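Just coords.pdb here, PDB, C-alpha atoms, pLDDT in the B column:
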```pdb
ATOM      1  CA  MET P 299      80.571  53.375  36.188  1.00 50.00           C
ATOM      2  CA  LYS P 300      83.846  51.688  37.041  1.00 59.00           C
ATOM      3  CA  THR P 301      85.189  48.405  35.693  1.00 68.00           C
ATOM      4  CA  ILE P 302      84.409  45.373  37.835  1.00 81.00           C
ATOM      5  CA  SER P 303      84.709  41.609  37.377  1.00 87.00           C
ATOM      6  CA  ARG P 304      82.162  39.887  35.177  1.00 89.00           C
ATOM      7  CA  HIS P 305      81.032  37.914  38.224  1.00 90.00           C
ATOM      8  CA  GLN P 306      80.265  41.150  40.076  1.00 89.00           C
ATOM      9  CA  ALA P 307      78.513  42.478  36.951  1.00 89.00           C
ATOM     10  CA  ARG P 308      76.288  39.401  36.786  1.00 93.00           C
ATOM     11  CA  GLU P 309      75.497  39.675  40.474  1.00 92.00           C
ATOM     12  CA  ALA P 310      74.536  43.362  40.145  1.00 89.00           C
ATOM     13  CA  ALA P 311      72.332  42.564  37.145  1.00 91.00           C
ATOM     14  CA  PHE P 312      70.694  39.667  38.992  1.00 94.00           C
ATOM     15  CA  LEU P 313      69.979  41.716  42.107  1.00 90.00           C
ATOM     16  CA  PHE P 314      68.447  44.544  40.102  1.00 90.00           C
ATOM     17  CA  LEU P 315      66.358  42.308  37.841  1.00 91.00           C
ATOM     18  CA  PHE P 316      65.170  40.216  40.765  1.00 90.00           C
ATOM     19  CA  GLY P 317      64.250  43.322  42.753  1.00 82.00           C
ATOM     20  CA  ASN P 318      62.536  44.951  39.773  1.00 75.00           C
ATOM     21  CA  PHE P 319      60.930  41.836  38.327  1.00 58.00           C
ATOM     22  CA  LEU P 320      57.840  43.606  36.991  1.00 50.00           C
ATOM     23  CA  GLU P 321      59.760  46.496  35.428  1.00 54.00           C
ATOM     24  CA  THR P 322      58.599  47.185  31.876  1.00 56.00           C
ATOM     25  CA  PRO P 323      61.199  46.904  29.089  1.00 54.00           C
ATOM     26  CA  ASP P 324      60.380  50.358  27.717  1.00 59.00           C
ATOM     27  CA  ASN P 325      61.145  52.234  30.947  1.00 67.00           C
ATOM     28  CA  ASP P 326      63.133  55.308  29.896  1.00 72.00           C
ATOM     29  CA  ASN P 327      64.602  55.628  33.383  1.00 79.00           C
ATOM     30  CA  ALA P 328      65.850  52.053  33.669  1.00 82.00           C
ATOM     31  CA  GLN P 329      69.561  52.869  33.457  1.00 82.00           C
ATOM     32  CA  HIS P 330      69.205  55.665  36.002  1.00 81.00           C
ATOM     33  CA  ASP P 331      67.183  53.320  38.240  1.00 85.00           C
ATOM     34  CA  PHE P 332      69.880  50.662  37.912  1.00 85.00           C
ATOM     35  CA  GLU P 333      72.680  53.063  38.809  1.00 83.00           C
ATOM     36  CA  ALA P 334      70.681  54.410  41.777  1.00 85.00           C
ATOM     37  CA  PHE P 335      69.938  50.834  42.900  1.00 81.00           C
ATOM     38  CA  CYS P 336      73.628  49.911  42.824  1.00 81.00           C
ATOM     39  CA  LYS P 337      74.644  53.101  44.608  1.00 84.00           C
ATOM     40  CA  TYR P 338      71.977  52.689  47.302  1.00 82.00           C
ATOM     41  CA  PHE P 339      73.026  49.108  48.035  1.00 80.00           C
ATOM     42  CA  ASN P 340      76.709  49.940  47.634  1.00 80.00           C
ATOM     43  CA  HIS P 341      77.046  47.317  44.929  1.00 77.00           C
ATOM     44  CA  PRO P 342      79.489  47.853  42.084  1.00 77.00           C
ATOM     45  CA  ALA P 343      78.134  48.147  38.565  1.00 76.00           C
ATOM     46  CA  ASP P 344      79.671  48.723  35.149  1.00 82.00           C
ATOM     47  CA  SER P 345      78.748  48.762  31.480  1.00 86.00           C
ATOM     48  CA  TYR P 346      78.600  44.952  31.310  1.00 90.00           C
ATOM     49  CA  SER P 347      76.180  44.725  34.235  1.00 90.00           C
ATOM     50  CA  TRP P 348      73.997  47.322  32.521  1.00 89.00           C
ATOM     51  CA  GLU P 349      74.240  45.378  29.232  1.00 93.00           C
ATOM     52  CA  LEU P 350      72.938  42.283  31.039  1.00 94.00           C
ATOM     53  CA  VAL P 351      70.064  44.213  32.620  1.00 92.00           C
ATOM     54  CA  ASP P 352      69.085  46.022  29.437  1.00 91.00           C
ATOM     55  CA  GLY P 353      69.530  43.011  27.165  1.00 94.00           C
ATOM     56  CA  THR P 354      67.581  40.715  29.465  1.00 94.00           C
ATOM     57  CA  ARG P 355      64.719  43.190  29.783  1.00 90.00           C
ATOM     58  CA  LYS P 356      64.549  44.003  26.062  1.00 91.00           C
ATOM     59  CA  ASN P 357      64.732  40.349  24.986  1.00 94.00           C
ATOM     60  CA  LEU P 358      62.447  38.925  27.668  1.00 93.00           C
ATOM     61  CA  PRO P 359      59.918  37.298  25.276  1.00 94.00           C
ATOM     62  CA  THR P 360      62.725  35.574  23.337  1.00 95.00           C
ATOM     63  CA  LEU P 361      64.459  34.457  26.534  1.00 95.00           C
ATOM     64  CA  ASN P 362      61.233  33.138  28.039  1.00 94.00           C
ATOM     65  CA  GLN P 363      60.412  31.239  24.849  1.00 94.00           C
ATOM     66  CA  LYS P 364      63.847  29.609  24.755  1.00 94.00           C
ATOM     67  CA  ILE P 365      63.594  28.610  28.426  1.00 95.00           C
ATOM     68  CA  ILE P 366      60.122  27.149  27.790  1.00 94.00           C
ATOM     69  CA  GLU P 367      61.439  25.163  24.806  1.00 92.00           C
ATOM     70  CA  ILE P 368      64.189  23.440  26.768  1.00 91.00           C
ATOM     71  CA  SER P 369      62.508  23.041  30.148  1.00 89.00           C
ATOM     72  CA  LYS P 370      59.945  20.630  28.843  1.00 81.00           C
ATOM     73  CA  HIS P 371      58.240  19.766  32.120  1.00 80.00           C
ATOM     74  CA  TRP P 372      58.461  23.172  33.779  1.00 86.00           C
ATOM     75  CA  LYS P 373      56.229  26.136  33.124  1.00 89.00           C
ATOM     76  CA  LEU P 374      57.686  29.566  33.853  1.00 90.00           C
ATOM     77  CA  GLU P 375      54.947  30.166  36.408  1.00 89.00           C
ATOM     78  CA  ARG P 376      56.131  27.126  38.418  1.00 91.00           C
ATOM     79  CA  MET P 377      59.763  28.219  38.501  1.00 92.00           C
ATOM     80  CA  ASN P 378      61.192  29.909  41.557  1.00 91.00           C
ATOM     81  CA  THR P 379      61.667  33.632  40.796  1.00 92.00           C
ATOM     82  CA  VAL P 380      65.334  33.511  41.806  1.00 95.00           C
ATOM     83  CA  ASP P 381      66.001  30.587  39.457  1.00 96.00           C
ATOM     84  CA  LEU P 382      64.020  32.157  36.622  1.00 96.00           C
ATOM     85  CA  THR P 383      65.883  35.451  36.917  1.00 96.00           C
ATOM     86  CA  ILE P 384      69.216  33.609  36.845  1.00 97.00           C
ATOM     87  CA  LEU P 385      68.072  31.537  33.853  1.00 97.00           C
ATOM     88  CA  ARG P 386      67.030  34.655  31.949  1.00 96.00           C
ATOM     89  CA  ILE P 387      70.395  36.356  32.461  1.00 97.00           C
ATOM     90  CA  ALA P 388      72.346  33.235  31.492  1.00 97.00           C
ATOM     91  CA  THR P 389      70.105  32.654  28.480  1.00 97.00           C
ATOM     92  CA  TYR P 390      70.763  36.216  27.369  1.00 97.00           C
ATOM     93  CA  GLU P 391      74.509  35.606  27.644  1.00 96.00           C
ATOM     94  CA  ILE P 392      74.308  32.302  25.777  1.00 95.00           C
ATOM     95  CA  LEU P 393      72.191  33.701  22.939  1.00 94.00           C
ATOM     96  CA  PHE P 394      73.493  37.249  22.568  1.00 96.00           C
ATOM     97  CA  CYS P 395      76.975  37.641  24.104  1.00 94.00           C
ATOM     98  CA  VAL P 396      79.306  36.146  21.518  1.00 92.00           C
ATOM     99  CA  ASP P 397      82.372  36.689  23.710  1.00 93.00           C
ATOM    100  CA  VAL P 398      80.968  34.601  26.579  1.00 94.00           C
ATOM    101  CA  PRO P 399      81.449  30.833  26.235  1.00 93.00           C
ATOM    102  CA  LYS P 400      78.370  28.771  27.100  1.00 93.00           C
ATOM    103  CA  THR P 401      80.269  27.004  29.882  1.00 94.00           C
ATOM    104  CA  VAL P 402      81.146  30.323  31.507  1.00 96.00           C
ATOM    105  CA  ALA P 403      77.523  31.518  31.384  1.00 96.00           C
ATOM    106  CA  ILE P 404      76.397  28.221  32.935  1.00 96.00           C
ATOM    107  CA  ASN P 405      79.072  28.190  35.644  1.00 97.00           C
ATOM    108  CA  GLU P 406      78.320  31.785  36.608  1.00 97.00           C
ATOM    109  CA  ALA P 407      74.590  31.029  36.743  1.00 97.00           C
ATOM    110  CA  ILE P 408      75.276  28.060  39.018  1.00 97.00           C
ATOM    111  CA  GLU P 409      77.349  30.293  41.318  1.00 97.00           C
ATOM    112  CA  LEU P 410      74.480  32.806  41.529  1.00 98.00           C
ATOM    113  CA  ALA P 411      72.085  29.938  42.244  1.00 97.00           C
ATOM    114  CA  LYS P 412      74.355  28.724  45.064  1.00 97.00           C
ATOM    115  CA  SER P 413      74.430  32.204  46.589  1.00 97.00           C
ATOM    116  CA  TYR P 414      70.796  33.239  46.171  1.00 96.00           C
ATOM    117  CA  GLY P 415      68.711  30.172  45.392  1.00 96.00           C
ATOM    118  CA  SER P 416      67.451  27.181  47.280  1.00 96.00           C
ATOM    119  CA  GLU P 417      69.397  23.993  47.907  1.00 96.00           C
ATOM    120  CA  GLU P 418      68.023  22.588  44.621  1.00 96.00           C
ATOM    121  CA  SER P 419      68.674  25.738  42.561  1.00 97.00           C
ATOM    122  CA  PRO P 420      72.214  24.974  41.332  1.00 97.00           C
ATOM    123  CA  SER P 421      71.273  21.573  39.887  1.00 96.00           C
ATOM    124  CA  PHE P 422      67.996  22.931  38.462  1.00 95.00           C
ATOM    125  CA  VAL P 423      69.748  25.856  36.745  1.00 96.00           C
ATOM    126  CA  ASN P 424      72.513  23.562  35.461  1.00 95.00           C
ATOM    127  CA  GLY P 425      70.000  21.036  34.134  1.00 93.00           C
ATOM    128  CA  ILE P 426      68.119  23.645  32.136  1.00 94.00           C
ATOM    129  CA  LEU P 427      71.096  25.584  30.794  1.00 95.00           C
ATOM    130  CA  ASP P 428      73.059  22.486  29.862  1.00 92.00           C
ATOM    131  CA  LYS P 429      70.438  21.780  27.177  1.00 89.00           C
ATOM    132  CA  PHE P 430      71.217  25.030  25.310  1.00 81.00           C
ATOM    133  CA  GLU P 431      73.125  25.080  22.091  1.00 72.00           C
ATOM    134  CA  LYS P 432      75.253  28.203  21.731  1.00 59.00           C
ATOM    135  CA  PRO P 433      74.421  29.875  18.407  1.00 60.00           C
ATOM    136  CA  SER P 434      77.379  30.201  16.063  1.00 53.00           C
TER     137      SER P 434
END
```

This entry written out as structure tokens:
Amino acid sequence: MKTISRHQAREAAFLFLFGNFLETPDNDNAQHDFEAFCKYFNHPADSYSWELVDGTRKNLPTLNQKIIEISKHWKLERMNTVDLTILRIATYEILFCVDVPKTVAINEAIELAKSYGSEESPSFVNGILDKFEKPS
């Protein structure tokens, strides 16, 4: 995989996770599936995009629990799948990617929400993620 911008990496991860929403975390072929997905859709991917896919999938229960904790009046089942996928990726970055500032993770999530979500998605995603405290 070649080196691409972090924005492109996030977009590739989002598209794959959204398209493979029910994929099980223990799928041994996940990286191959991801690379094939990116190649088929002619979308660039790199090691960071794979890290986001793999980390989001493997930490899904933790990510879901954190989103539930801070989105007090929203159940995961009520959230738009696009928004939820974006929230999961950004939550992974906030909790597990020490080199990514919280503000960057939030801004990138908002940009994905503008591109792929509804008219309300950017403010919804911002409202949820803004409540996170970046672990030290």

*List every protein, DNA or RNA residue that has an atom no more than 9 Å from (74.0, 42.1, 27.0) in the file's coordinate frame, counting all atoms listed in the file, and report them as a count of residues only.*
14

*Can you tell me, as JSON, numbers by chain, what residues are no more than 12 Å from Thr383 (chain P) when counting only C-alpha atoms, ignoring any on the same chain fewer than 3 positions away?*
{"P": [308, 309, 311, 312, 313, 314, 315, 316, 317, 318, 319, 320, 350, 351, 354, 355, 358, 361, 362, 365, 374, 377, 378, 379, 380, 386, 387, 388, 389, 390, 407, 410, 411, 414, 415, 419, 423]}

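Proximity to Asn340 (chain P) was assessed for P:Asn405, P:Gly425, P:Ala310, P:Leu393 counting all atoms listed in the file; the smallest distance is recorded for P:Ala310.
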
*asked:* Measuring between only C-alpha atoms, which one of P:Phe422, P:Ala343, P:Gln306, P:Glu406 shows the shortest distance to His330 (chain P)?
replied: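 Of all the options, P:Ala343 lies closest to His330 (chain P).
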
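The space separating CA of Pro359 (chain P) from CA of Arg304 (chain P) comes to 24.5 Å.
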
*How many Å separate CA of Glu431 (chain P) from CA of Ile404 (chain P)?*
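Atom-to-atom, CA of Glu431 (chain P) to CA of Ile404 (chain P), that is 11.8 Å.
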
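The spacing separating CA of Asp381 (chain P) from CA of Asp344 (chain P) amounts to 23.1 Å.
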